[in-house]
Amino acid sequence: MTGVALRDAARRTALARLLREDAEEVGGIPRHPGGPAPLSFPQARLWFHQRYDPESPAYHSTRAFRLTGPLDVPALEAAFRSLIACHDILRTVLVDTADGPRQILRAQVPFALERIPPLAGDARATLRALSRRPFDLTGGPPLRVVLSEADPAGMRVLLVVIHHIAVDAWSTARLFRDLAQAYREARADPARLGRPLPTPSLRFVDFAAWQRARFDGEAGSAVLERWRRYLGDTVPMLELPLDHPRQPLANRPGGRVDFTLAADLAGSLAAFCHSHACPPFVALLATWQVLLARLSGQTDFAIGVPNAARTRPDLQDLVGFFVNTQVYRVRLDARVSFRDLCARLRGEAMAFLADDDVPFERLIAETQVARDTATTPVFQAAFNFRPSRDAAPLDLDGVAVERIDVDVASAKFDLALDVAADGTGIDCQLEYDAALITDATARRWRDGFLALLRALVSAPDRPLHEASACTASDRAVVLSANATARAYPEGAGDVLAAFAAQLGADPDATAVTDAQTSLTRADLDARATAIARRLARAGARPERLVGVALERSCAMLAAWLAVLRTGAAILPLNPELPEARLVALAAGADLLLTQPELADRYPALVDAAG
């Protein structure tokens, strides 16, 4: 589906949506009759993650605060109880049934403030450990509250952890507003019981059942088909240049790089957006697409973009997990300008906005996208844009409250960029899978994003391929690496001659040692000679290239000497590289030397080398 078709579809869909919502408002979302209810589509995705990896904290929503002043602890506990009584989702448990997962409302669930000793110094390590503790969503509330005792200065720490299956960022802001009201009322009540908060007429189970009926039925088929055609049946996997190989089972420890756009860069971005009627969301997403294309060498992949999905008025104040992931199919042409890319992307964003409630999970079910446990389906990189970093402040009457940043150190995707833009500036977080990407690499990619954004907004009419993501430090590294001119010592021999001289001088001296083996010069010579004979029989000779895919070891050094003795050239292959990168490098080799365990791990590597 083209960008023009998407824009036309967006206009038609927006009008149809207004008419549909006018009709729906007469009766609204019907009330679920009671008993076990289906999960919403986003809930079902998180339930799958929870069952697959119950120890993962990736979907724990964490808020921590430093409290100073006369905190009324009984009133605070009563306020949380009022919160649970008011919002059904906090009294919901999940169960697996023969008909699939179901959610059940409880009249009451066990709750108590968890009290811990005072926290001294930097409490973030302790708070991170508390935040990472798993939830039992089948038996208790999806809410955990920890309060430290006061230290000598009267300071306490409050930690609130809620599983995302019950809340999103929008919901968290509502919960904290209600908590402030409930705390004030509990303080005014001598029994510290507090008055019940107003209960919403619509429950999350009502929405979940309505959403299922809508998109599993005939009414949702047309819109699903339109987006299925946009996405396509197959989406190429984004192959970033990873530092570590991808494992069969994704673990996803998280790393994070925080940064803020410099004032002049933020100003240049604002000027571009104003002159081209382009929302900052679009310009930053376009830059992110270009950066990922540069890093991967691909022009076709997908990016996941979360959306609040609360356009219906009756969902504005309902607490629950509504976030819907929309998948932008990236088909990049480096010959177009940044201005043209943003114009096309703005049209796609309009279409997505018109259909912001089309469930990602339901859409994927319509495609032939392959799933595995090593990566996320459809997209491996994400982009999130929101109006402020901390959308959920806490107000406890008479208590000074300071937010504590707690990183649970868990990643959802290979790479994600989170942007918070408001009147004070633009803050960003680059979140990465630390099992695949090092902190140094993430920081280099951050610098590349900033350099690329500066180049694109300063010359938006130039082709994308002319915009540089190269930083000053990158240029210095490239120049240094290519400064290879050296004066060769007169009369110096080659490596083989130097080794022969060392061998003749003392054949019993230790030549090389690794964790398992130690070889003398004579041992190394014998091994290299044996390998060289085998290579020569296999066809190794001058003008041939021999790939050596071995771990750092005595065997690797013997193999290198052997290749040199045949007159062939060495192609070093690092086994720690991702398989796709190894296969691409090995494709240029005439022969390949490797060890059995590596050949078993990367069968395509042997095939690529013939």
# chains A, B, ... in the order shown; residues from 1 in each chain; ligands from 1
call {"tool": "residues_around", "arguments": {"residues": "A:Tyr59", "least_positions_apart": "3", "cutoff": "9 Å", "atoms": "only C-alpha atoms", "output": "list of chain:residue names"}}
result
A:Leu46, A:His49, A:Gln50, A:Ser56, A:Ile162, A:His163, A:His164, A:Ile165, A:Ser410, A:Lys412
call {"tool": "write_last_selection", "arguments": {"atoms": "C-alpha atoms", "output": "compact mmCIF listing (two decimals), in the first residue's frame"}}
result
# COMPACT_ATOMS: atom_id res chain seq x y z
CA LEU A 46 2.13 -9.64 28.28
CA HIS A 49 5.76 -13.06 28.22
CA GLN A 50 4.94 -13.67 31.88
CA SER A 56 11.72 -11.14 33.79
CA ILE A 162 2.87 -2.46 39.20
CA HIS A 163 2.88 -5.07 36.47
CA HIS A 164 2.18 -3.52 33.09
CA ILE A 165 -0.56 -6.08 32.47
CA SER A 410 15.85 -5.32 31.50
CA LYS A 412 12.19 -5.52 25.72
call {"tool": "select_by_dssp", "arguments": {"residues": "stretch 337-571 of chain A", "states": "helix (DSSP H, G or I)", "output": "ChimeraX atom specification"}}
result
/A:338-354,360-365,439-458,464-466,472-482,495-505,521-538,554-566
call {"tool": "closest_residue", "arguments": {"among": "A:Pro236, A:Gly220, A:Gly100, A:Gly567", "to": "A:Leu39", "atoms": "only C-alpha atoms"}}
result
A:Gly100
call {"tool": "residues_around", "arguments": {"residues": "A:Val109", "least_positions_apart": "6", "cutoff": "10 Å", "atoms": "only C-alpha atoms", "output": "PDB file with N, CA and C atoms, in the first residue's frame"}}
result
ATOM      1  N   ARG A  81      -5.272   0.912  49.954  1.00  0.00           N
ATOM      2  CA  ARG A  81      -6.423   0.004  49.998  1.00  0.00           C
ATOM      3  C   ARG A  81      -7.618   0.621  49.263  1.00  0.00           C
ATOM      4  N   ILE A  84      -7.083   0.182  45.546  1.00  0.00           N
ATOM      5  CA  ILE A  84      -7.386  -1.182  45.096  1.00  0.00           C
ATOM      6  C   ILE A  84      -8.892  -1.415  45.045  1.00  0.00           C
ATOM      7  N   ALA A  85      -9.605  -0.870  46.025  1.00  0.00           N
ATOM      8  CA  ALA A  85     -11.061  -1.027  46.040  1.00  0.00           C
ATOM      9  C   ALA A  85     -11.718  -0.291  44.880  1.00  0.00           C
ATOM     10  N   LEU A  90      -6.839  -3.739  39.713  1.00  0.00           N
ATOM     11  CA  LEU A  90      -5.908  -4.038  40.802  1.00  0.00           C
ATOM     12  C   LEU A  90      -6.411  -5.181  41.674  1.00  0.00           C
ATOM     13  N   ARG A  91      -7.623  -5.650  41.397  1.00  0.00           N
ATOM     14  CA  ARG A  91      -8.166  -6.826  42.100  1.00  0.00           C
ATOM     15  C   ARG A  91      -8.409  -7.974  41.125  1.00  0.00           C
ATOM     16  N   THR A  92      -7.668  -7.960  40.038  1.00  0.00           N
ATOM     17  CA  THR A  92      -7.857  -8.957  38.990  1.00  0.00           C
ATOM     18  C   THR A  92      -6.734  -9.986  39.028  1.00  0.00           C
ATOM     19  N   VAL A  93      -7.102 -11.260  38.937  1.00  0.00           N
ATOM     20  CA  VAL A  93      -6.114 -12.333  38.822  1.00  0.00           C
ATOM     21  C   VAL A  93      -6.307 -13.014  37.475  1.00  0.00           C
ATOM     22  N   GLY A 139      -2.513 -15.175  41.760  1.00  0.00           N
ATOM     23  CA  GLY A 139      -3.016 -15.240  43.126  1.00  0.00           C
ATOM     24  C   GLY A 139      -3.101 -13.926  43.854  1.00  0.00           C
ATOM     25  N   GLY A 140      -2.299 -12.948  43.468  1.00  0.00           N
ATOM     26  CA  GLY A 140      -2.280 -11.703  44.222  1.00  0.00           C
ATOM     27  C   GLY A 140      -2.471 -10.506  43.326  1.00  0.00           C
ATOM     28  N   PRO A 141      -2.501  -9.324  43.901  1.00  0.00           N
ATOM     29  CA  PRO A 141      -2.670  -8.124  43.083  1.00  0.00           C
ATOM     30  C   PRO A 141      -1.412  -7.862  42.262  1.00  0.00           C
TER      31      PRO A 141
END
call {"tool": "select_by_dssp", "arguments": {"residues": "stretch 220-321 of chain A", "states": "strand (DSSP E)", "output": "PyMOL selection string"}}
result
chain A and resi 254-260+300-307
call {"tool": "closest_atom_pairs", "arguments": {"of": "stretch 341-448 of chain A", "to": "stretch 324-330 of chain A", "cutoff": "7 Å", "atoms": "only C-alpha atoms", "output": "CSV"}}
result
residue,atom,partner,partner_atom,distance
A:Asp357,CA,A:Asn324,CA,6.6
A:Pro359,CA,A:Asn324,CA,6.1
A:Phe360,CA,A:Thr325,CA,5.6
call {"tool": "write_last_selection", "arguments": {"atoms": "N, CA and C atoms", "output": "PDB file, in the first residue's frame"}}
result
ATOM      1  N   ASP A 357      -6.351   1.825  17.447  1.00  0.00           N
ATOM      2  CA  ASP A 357      -6.768   0.731  18.322  1.00  0.00           C
ATOM      3  C   ASP A 357      -6.737  -0.631  17.630  1.00  0.00           C
ATOM      4  N   PRO A 359      -5.371  -3.915  17.089  1.00  0.00           N
ATOM      5  CA  PRO A 359      -4.407  -4.609  17.952  1.00  0.00           C
ATOM      6  C   PRO A 359      -3.246  -5.214  17.158  1.00  0.00           C
ATOM      7  N   PHE A 360      -2.046  -4.899  17.604  1.00  0.00           N
ATOM      8  CA  PHE A 360      -0.848  -5.473  16.993  1.00  0.00           C
ATOM      9  C   PHE A 360      -0.916  -6.999  17.000  1.00  0.00           C
TER      10      PHE A 360
END
call {"tool": "residues_around", "arguments": {"residues": "stretch 545-547 of chain A", "least_positions_apart": "5", "cutoff": "9 Å", "atoms": "only C-alpha atoms", "output": "PyMOL selection string"}}
result
chain A and resi 535+540+563+568-573+585-586+588-594+609
call {"tool": "residues_around", "arguments": {"residues": "A:Thr172", "least_positions_apart": "3", "cutoff": "9 Å", "atoms": "only C-alpha atoms", "output": "list of chain:residue names"}}
result
A:Ser61, A:Ile162, A:Val167, A:Asp168, A:Ala169, A:Leu175, A:Phe176, A:Arg177, A:Val319, A:Ala391, A:Ala392
call {"tool": "write_last_selection", "arguments": {"atoms": "C-alpha atoms", "output": "mmCIF file, in the first residue's frame"}}
result
data_model
loop_
_atom_site.group_PDB
_atom_site.id
_atom_site.type_symbol
_atom_site.label_atom_id
_atom_site.label_comp_id
_atom_site.auth_asym_id
_atom_site.auth_seq_id
_atom_site.Cartn_x
_atom_site.Cartn_y
_atom_site.Cartn_z
ATOM 1 C CA SER A 61 6.300 -0.338 35.984
ATOM 2 C CA ILE A 162 2.865 -2.463 39.204
ATOM 3 C CA VAL A 167 -1.458 -0.339 33.919
ATOM 4 C CA ASP A 168 0.202 1.879 31.354
ATOM 5 C CA ALA A 169 1.812 5.314 31.833
ATOM 6 C CA LEU A 175 -3.562 6.194 40.075
ATOM 7 C CA PHE A 176 -1.212 8.693 41.682
ATOM 8 C CA ARG A 177 -3.843 11.439 41.500
ATOM 9 C CA VAL A 319 -7.060 2.246 34.582
ATOM 10 C CA ALA A 391 4.041 11.953 33.699
ATOM 11 C CA ALA A 392 3.137 10.619 37.149
#
call {"tool": "closest_residue", "arguments": {"among": "A:Ala351, A:Leu113, A:Ala522, A:Ala498", "to": "A:Val223", "atoms": "only C-alpha atoms"}}
result
A:Ala351
call {"tool": "closest_residue", "arguments": {"among": "A:Ala309, A:Leu261, A:Ile29, A:Val95", "to": "A:Thr424", "atoms": "only C-alpha atoms"}}
result
A:Leu261
call {"tool": "closest_residue", "arguments": {"among": "A:Ala416, A:Ala58, A:Gly448, A:Leu137", "to": "A:Arg475", "atoms": "only C-alpha atoms"}}
result
A:Gly448
call {"tool": "atom_distance", "arguments": {"atom1": "atom CA of A:Leu396", "atom2": "atom CA of A:Thr199"}}
result
21.3 Å
call {"tool": "atom_distance", "arguments": {"atom1": "atom CA of A:Leu557", "atom2": "atom CA of A:Ala580"}}
result
24.9 Å
call {"tool": "atom_distance", "arguments": {"atom1": "atom CA of A:Ala78", "atom2": "atom CA of A:Asp189"}}
result
10.3 Å
call {"tool": "closest_residue", "arguments": {"among": "A:Ala515, A:Ile426, A:Val145, A:Leu105", "to": "A:Gly34", "atoms": "only C-alpha atoms"}}
result
A:Leu105
call {"tool": "closest_residue", "arguments": {"among": "A:Phe281, A:Leu202, A:Val478, A:Ala536", "to": "A:Pro313", "atoms": "only C-alpha atoms"}}
result
A:Leu202
